[in-house]
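Note sheet for the following structure.
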Protein chains: 2
Amino acid sequence: MARAATTADAFNAVAEPRRRQILDALIGGERPVNDLVRLVGLAQPQVSKHLRVLREVGAVDVRHEGRQRLYRLNGRALKPIHDWVESYERSWSERFDQLDVVLEELKLKEDEHGSDQ
Amino acid sequence: MARAATTADAFNAVAEPRRRQILDALIGGERPVNDLVRLVGLAQPQVSKHLRVLREVGAVDVRHEGRQRLYRLNGRALKPIHDWVESYERSWSERFDQLDVVLEELKLKEDEHGSDQ
DNA sequence: TTGACATATTCCTATATGAGCATATAGTCT
DNA sequence: AGACTATATGCTCATATAGGAATATGTCAA
């Protein structure tokens with residue numbers, strides 16, 4: 001089997017740096033394709049192709065306006081990524097380091113009681 | 001150009017579902033390869049190959065112990081993903097909805113004062 | 001209608017998989 | 001050494017890109 005399609009899910013769609021760049025550019029708000037072409041410094045056809053992938057995974061929405069197509073961010077499509085990676089935040093966050101200390105202490109106390117009985 | 005190598009960065013490495021599965025299995029702690037083989041239900045060679053990719057992007061570390069190789073999670077390698085996707089949390093989080101309301105109010109007041117002078 | 005502008009699609013090619021299978025490497029035990 | 005276990009690597013094949021170039025589609029203006 002080959003690698004999964006880039007349109008298989010948000011994880012695959014966002015693995016491509018240019019597509020992340022495009023999404024980043026859309027944080028500021030709705031933008032026509034040519035704006036994105038300038039911002040990511042890629043030829044127009046490739047940008048359109050990337051936008052298609054992002055559309056297919058629901059990361060962006062389009063609105064026609066005259067001859068322009070205004071693309072808008074739909075961050076909700078990225079929630080699965082956020083949810084998944086959140087489980088690993090403990091590995092680097094100091095916030096969790098403190099929590100770990102507390103949990104460790106609780107565990108020690110529990111063990112003491114356990115050996116008492 | 002073809003798609004970037006899966007070892008290019010954490011984004012690419014983690015685009016593959018089986019590799020996410022492997023990482024998930026490692027949250028519980030260090031595990032030998034055969035454990036992972038059972039847990040993800042894939043043939044041993046494929047698991048070794050996925051582990052290699054994860055090693056190359058730094059998402060896991062190995063420790064030799066006898067004839068076993070114990071793999072351990074290194075979540076820090078996933079931080080770039082967490083950091084990137086966090087910018088989009090606003091799109092779906094109620095937490096930010098409240099913040100948006102406040103910001104909107106502030107903006108309105110500012111406009112009032114602006115038109116006064 | 002003709003022309004210009006904005007965007008999408010098609011065709012081509014080099015490249016990188018991911019799984020299946022066979023085999024190599026390495027540690028342990030007898 | 002020989003057998004057995006644990007893991008890694010090599011090979012083949014079907015498949016999916018990503019970018020480049022050319023072209024198609026759609027819209028507005030004169």
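Residue numbers start at 1 in each chain; chains themselves are named A, B, ... in the order of the structure tokens; ligands are numbered from 1 in the order shown.
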
Superposition output for chain B against chain A, all Cα paired in order, as a PDB file with C-alpha atoms, in the first residue's frame:
```pdb
ATOM      1  CA  MET B   1       0.090  -0.022  -0.130  1.00  0.00           C
ATOM      2  CA  ALA B   2       1.223   3.504  -0.804  1.00  0.00           C
ATOM      3  CA  ARG B   3       0.979   6.366   1.594  1.00  0.00           C
ATOM      4  CA  ALA B   4      -2.562   7.472   2.426  1.00  0.00           C
ATOM      5  CA  ALA B   5      -4.047  10.235   0.310  1.00  0.00           C
ATOM      6  CA  THR B   6      -3.351  13.746   1.502  1.00  0.00           C
ATOM      7  CA  THR B   7      -7.101  14.187   1.501  1.00  0.00           C
ATOM      8  CA  ALA B   8      -7.588  11.211   3.793  1.00  0.00           C
ATOM      9  CA  ASP B   9      -7.723  13.387   6.900  1.00  0.00           C
ATOM     10  CA  ALA B  10      -6.456  16.599   8.444  1.00  0.00           C
ATOM     11  CA  PHE B  11      -3.244  14.918   9.627  1.00  0.00           C
ATOM     12  CA  ASN B  12      -2.240  14.095   6.077  1.00  0.00           C
ATOM     13  CA  ALA B  13      -3.400  17.391   4.621  1.00  0.00           C
ATOM     14  CA  VAL B  14      -1.397  19.359   7.118  1.00  0.00           C
ATOM     15  CA  ALA B  15       1.769  17.323   6.768  1.00  0.00           C
ATOM     16  CA  GLU B  16       2.669  19.491   3.788  1.00  0.00           C
ATOM     17  CA  PRO B  17       4.410  22.713   4.937  1.00  0.00           C
ATOM     18  CA  ARG B  18       2.965  24.840   2.160  1.00  0.00           C
ATOM     19  CA  ARG B  19      -0.538  23.934   3.229  1.00  0.00           C
ATOM     20  CA  ARG B  20       0.225  24.925   6.796  1.00  0.00           C
ATOM     21  CA  GLN B  21       1.578  28.176   5.426  1.00  0.00           C
ATOM     22  CA  ILE B  22      -1.664  28.760   3.572  1.00  0.00           C
ATOM     23  CA  LEU B  23      -3.717  28.093   6.672  1.00  0.00           C
ATOM     24  CA  ASP B  24      -1.508  30.433   8.659  1.00  0.00           C
ATOM     25  CA  ALA B  25      -2.092  33.132   6.072  1.00  0.00           C
ATOM     26  CA  LEU B  26      -5.819  32.680   6.484  1.00  0.00           C
ATOM     27  CA  ILE B  27      -5.775  33.263  10.225  1.00  0.00           C
ATOM     28  CA  GLY B  28      -5.922  36.986   9.478  1.00  0.00           C
ATOM     29  CA  GLY B  29      -9.198  36.463   7.638  1.00  0.00           C
ATOM     30  CA  GLU B  30     -10.722  35.666   4.290  1.00  0.00           C
ATOM     31  CA  ARG B  31      -8.421  36.000   1.276  1.00  0.00           C
ATOM     32  CA  PRO B  32      -8.591  35.574  -2.494  1.00  0.00           C
ATOM     33  CA  VAL B  33      -6.281  33.016  -4.123  1.00  0.00           C
ATOM     34  CA  ASN B  34      -3.907  35.574  -5.576  1.00  0.00           C
ATOM     35  CA  ASP B  35      -3.220  36.956  -2.129  1.00  0.00           C
ATOM     36  CA  LEU B  36      -2.189  33.501  -1.042  1.00  0.00           C
ATOM     37  CA  VAL B  37      -0.072  33.081  -4.150  1.00  0.00           C
ATOM     38  CA  ARG B  38       1.893  36.151  -3.149  1.00  0.00           C
ATOM     39  CA  LEU B  39       2.084  35.179   0.496  1.00  0.00           C
ATOM     40  CA  VAL B  40       3.369  31.642   0.037  1.00  0.00           C
ATOM     41  CA  GLY B  41       5.476  32.439  -3.034  1.00  0.00           C
ATOM     42  CA  LEU B  42       4.274  29.490  -5.059  1.00  0.00           C
ATOM     43  CA  ALA B  43       2.815  29.381  -8.575  1.00  0.00           C
ATOM     44  CA  GLN B  44      -0.931  29.917  -8.792  1.00  0.00           C
ATOM     45  CA  PRO B  45      -1.802  26.398  -9.983  1.00  0.00           C
ATOM     46  CA  GLN B  46      -0.002  24.779  -7.060  1.00  0.00           C
ATOM     47  CA  VAL B  47      -1.767  27.056  -4.621  1.00  0.00           C
ATOM     48  CA  SER B  48      -5.114  26.132  -6.142  1.00  0.00           C
ATOM     49  CA  LYS B  49      -4.204  22.497  -5.815  1.00  0.00           C
ATOM     50  CA  HIS B  50      -3.229  22.874  -2.177  1.00  0.00           C
ATOM     51  CA  LEU B  51      -6.436  24.752  -1.554  1.00  0.00           C
ATOM     52  CA  ARG B  52      -8.353  21.899  -3.042  1.00  0.00           C
ATOM     53  CA  VAL B  53      -6.807  19.461  -0.611  1.00  0.00           C
ATOM     54  CA  LEU B  54      -7.585  21.787   2.269  1.00  0.00           C
ATOM     55  CA  ARG B  55     -11.148  22.098   1.023  1.00  0.00           C
ATOM     56  CA  GLU B  56     -11.557  18.354   0.815  1.00  0.00           C
ATOM     57  CA  VAL B  57     -10.596  17.860   4.439  1.00  0.00           C
ATOM     58  CA  GLY B  58     -12.785  20.780   5.445  1.00  0.00           C
ATOM     59  CA  ALA B  59     -10.001  23.030   6.656  1.00  0.00           C
ATOM     60  CA  VAL B  60     -11.135  25.895   4.442  1.00  0.00           C
ATOM     61  CA  ASP B  61     -14.365  27.104   2.882  1.00  0.00           C
ATOM     62  CA  VAL B  62     -14.783  29.103  -0.309  1.00  0.00           C
ATOM     63  CA  ARG B  63     -17.094  31.927  -1.206  1.00  0.00           C
ATOM     64  CA  HIS B  64     -17.473  33.184  -4.757  1.00  0.00           C
ATOM     65  CA  GLU B  65     -17.398  36.900  -5.219  1.00  0.00           C
ATOM     66  CA  GLY B  66     -17.247  38.114  -8.774  1.00  0.00           C
ATOM     67  CA  ARG B  67     -14.304  36.471 -10.395  1.00  0.00           C
ATOM     68  CA  GLN B  68     -12.549  35.990  -7.114  1.00  0.00           C
ATOM     69  CA  ARG B  69     -12.848  33.072  -4.749  1.00  0.00           C
ATOM     70  CA  LEU B  70     -12.477  34.049  -1.150  1.00  0.00           C
ATOM     71  CA  TYR B  71     -11.053  31.338   1.049  1.00  0.00           C
ATOM     72  CA  ARG B  72     -11.836  31.259   4.707  1.00  0.00           C
ATOM     73  CA  LEU B  73     -10.293  29.205   7.492  1.00  0.00           C
ATOM     74  CA  ASN B  74     -12.305  26.475   9.165  1.00  0.00           C
ATOM     75  CA  GLY B  75     -10.107  25.579  12.096  1.00  0.00           C
ATOM     76  CA  ARG B  76     -12.572  23.093  13.473  1.00  0.00           C
ATOM     77  CA  ALA B  77     -11.208  20.576  10.985  1.00  0.00           C
ATOM     78  CA  LEU B  78      -7.951  20.686  12.928  1.00  0.00           C
ATOM     79  CA  LYS B  79      -9.519  19.788  16.230  1.00  0.00           C
ATOM     80  CA  PRO B  80      -8.742  16.064  15.889  1.00  0.00           C
ATOM     81  CA  ILE B  81      -5.070  16.962  15.651  1.00  0.00           C
ATOM     82  CA  HIS B  82      -5.278  19.185  18.675  1.00  0.00           C
ATOM     83  CA  ASP B  83      -7.103  16.535  20.647  1.00  0.00           C
ATOM     84  CA  TRP B  84      -4.647  13.838  19.721  1.00  0.00           C
ATOM     85  CA  VAL B  85      -1.473  15.759  20.403  1.00  0.00           C
ATOM     86  CA  GLU B  86      -2.812  17.077  23.692  1.00  0.00           C
ATOM     87  CA  SER B  87      -2.314  13.656  25.251  1.00  0.00           C
ATOM     88  CA  TYR B  88       1.389  14.137  24.826  1.00  0.00           C
ATOM     89  CA  GLU B  89       1.644  17.615  26.281  1.00  0.00           C
ATOM     90  CA  ARG B  90       2.521  16.069  29.617  1.00  0.00           C
ATOM     91  CA  SER B  91       5.858  15.101  28.138  1.00  0.00           C
ATOM     92  CA  TRP B  92       7.159  18.610  27.912  1.00  0.00           C
ATOM     93  CA  SER B  93       4.911  20.927  29.856  1.00  0.00           C
ATOM     94  CA  GLU B  94       6.071  22.288  33.211  1.00  0.00           C
ATOM     95  CA  ARG B  95       2.425  22.613  34.094  1.00  0.00           C
ATOM     96  CA  PHE B  96       2.236  18.851  34.213  1.00  0.00           C
ATOM     97  CA  ASP B  97       5.552  18.514  36.003  1.00  0.00           C
ATOM     98  CA  GLN B  98       3.935  20.080  39.050  1.00  0.00           C
ATOM     99  CA  LEU B  99       0.953  17.799  38.750  1.00  0.00           C
ATOM    100  CA  ASP B 100       3.281  14.834  38.573  1.00  0.00           C
ATOM    101  CA  VAL B 101       4.931  15.872  41.841  1.00  0.00           C
ATOM    102  CA  VAL B 102       1.579  15.976  43.580  1.00  0.00           C
ATOM    103  CA  LEU B 103       0.534  12.623  42.171  1.00  0.00           C
ATOM    104  CA  GLU B 104       3.839  11.124  43.241  1.00  0.00           C
ATOM    105  CA  GLU B 105       3.340  12.360  46.800  1.00  0.00           C
ATOM    106  CA  LEU B 106      -0.144  10.970  46.934  1.00  0.00           C
ATOM    107  CA  LYS B 107       1.120   7.652  45.744  1.00  0.00           C
ATOM    108  CA  LEU B 108       3.823   7.549  48.431  1.00  0.00           C
ATOM    109  CA  LYS B 109       1.298   8.242  51.183  1.00  0.00           C
ATOM    110  CA  GLU B 110      -0.951   5.565  49.857  1.00  0.00           C
ATOM    111  CA  ASP B 111       1.906   3.090  49.958  1.00  0.00           C
ATOM    112  CA  GLU B 112       2.671   4.002  53.592  1.00  0.00           C
ATOM    113  CA  HIS B 113      -0.865   3.280  54.626  1.00  0.00           C
ATOM    114  CA  GLY B 114      -0.834   0.115  52.631  1.00  0.00           C
ATOM    115  CA  SER B 115       2.214  -1.252  54.442  1.00  0.00           C
ATOM    116  CA  ASP B 116       0.746  -0.202  57.810  1.00  0.00           C
ATOM    117  CA  GLN B 117      -2.089  -2.577  57.498  1.00  0.00           C
TER     118      GLN B 117
END
```

query = Tell me, which residues of chain A carry DSSP alpha helix (DSSP H), written as a ChimeraX atom specification?
reply = /A:10-13,17-26,33-40,44-56,79-86,94-116

key: At most 10 Å to chain B: residues in chain D, only C-alpha atoms (C1' of nucleotides), as a ChimeraX atom specification   = /D:5-9,16-20

Can you write just those residues out, C-alpha atoms (C1' of nucleotides), as a PDB file, in the first residue's frame?
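Writing done, so here's selection.pdb:
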```pdb
ATOM      1  C1'  DT D   5      13.971 -15.753  20.264  1.00  0.00           C
ATOM      2  C1'  DA D   6      13.762 -10.666  19.270  1.00  0.00           C
ATOM      3  C1'  DT D   7      14.355  -7.199  16.056  1.00  0.00           C
ATOM      4  C1'  DA D   8      16.063  -4.935  11.819  1.00  0.00           C
ATOM      5  C1'  DT D   9      16.852  -4.632   6.899  1.00  0.00           C
ATOM      6  C1'  DA D  16      -0.034   8.885  -4.367  1.00  0.00           C
ATOM      7  C1'  DT D  17       1.982  12.726  -4.499  1.00  0.00           C
ATOM      8  C1'  DA D  18       4.142  18.041  -5.612  1.00  0.00           C
ATOM      9  C1'  DG D  19       5.668  20.966  -8.833  1.00  0.00           C
ATOM     10  C1'  DG D  20       5.948  22.634 -13.819  1.00  0.00           C
TER      11       DG D  20
END
```

request  = Find the residues of chain C in contact range of chain A, meaning any atom within 8 Å when counting only C-alpha atoms (C1' of nucleotides), and list them as a ChimeraX atom specification.
outcome  = /C:6-8,17-19

Coordinates-based distance that separates atom C1' of DA24 of chain D from atom C1' of DC11 of chain C (Å, one decimal) =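 Distance reported for this atom pair: 13.0 Å.
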
request  = Could you give me, as an MDAnalysis selection string, each residue of chain B that DSSP assigns to strand (DSSP E or B) when run on this structure's backbone?
outcome  = chainID B and resid 31:32 60:65 68:73

query = Could you work out how far atom C1' of DT9 of chain C lies from atom C1' of DC13 of chain D, giving the answer in Å with one decimal?
reply =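 We find that atom C1' of DC13 of chain D and atom C1' of DT9 of chain C lie 29.0 Å from each other.
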
ask   = Could you work out how far atom C1' of DT23 of chain D lies from atom C1' of DT10 of chain C, giving the answer in Å with one decimal?
value =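 Distance between the two atoms: 7.8 Å.
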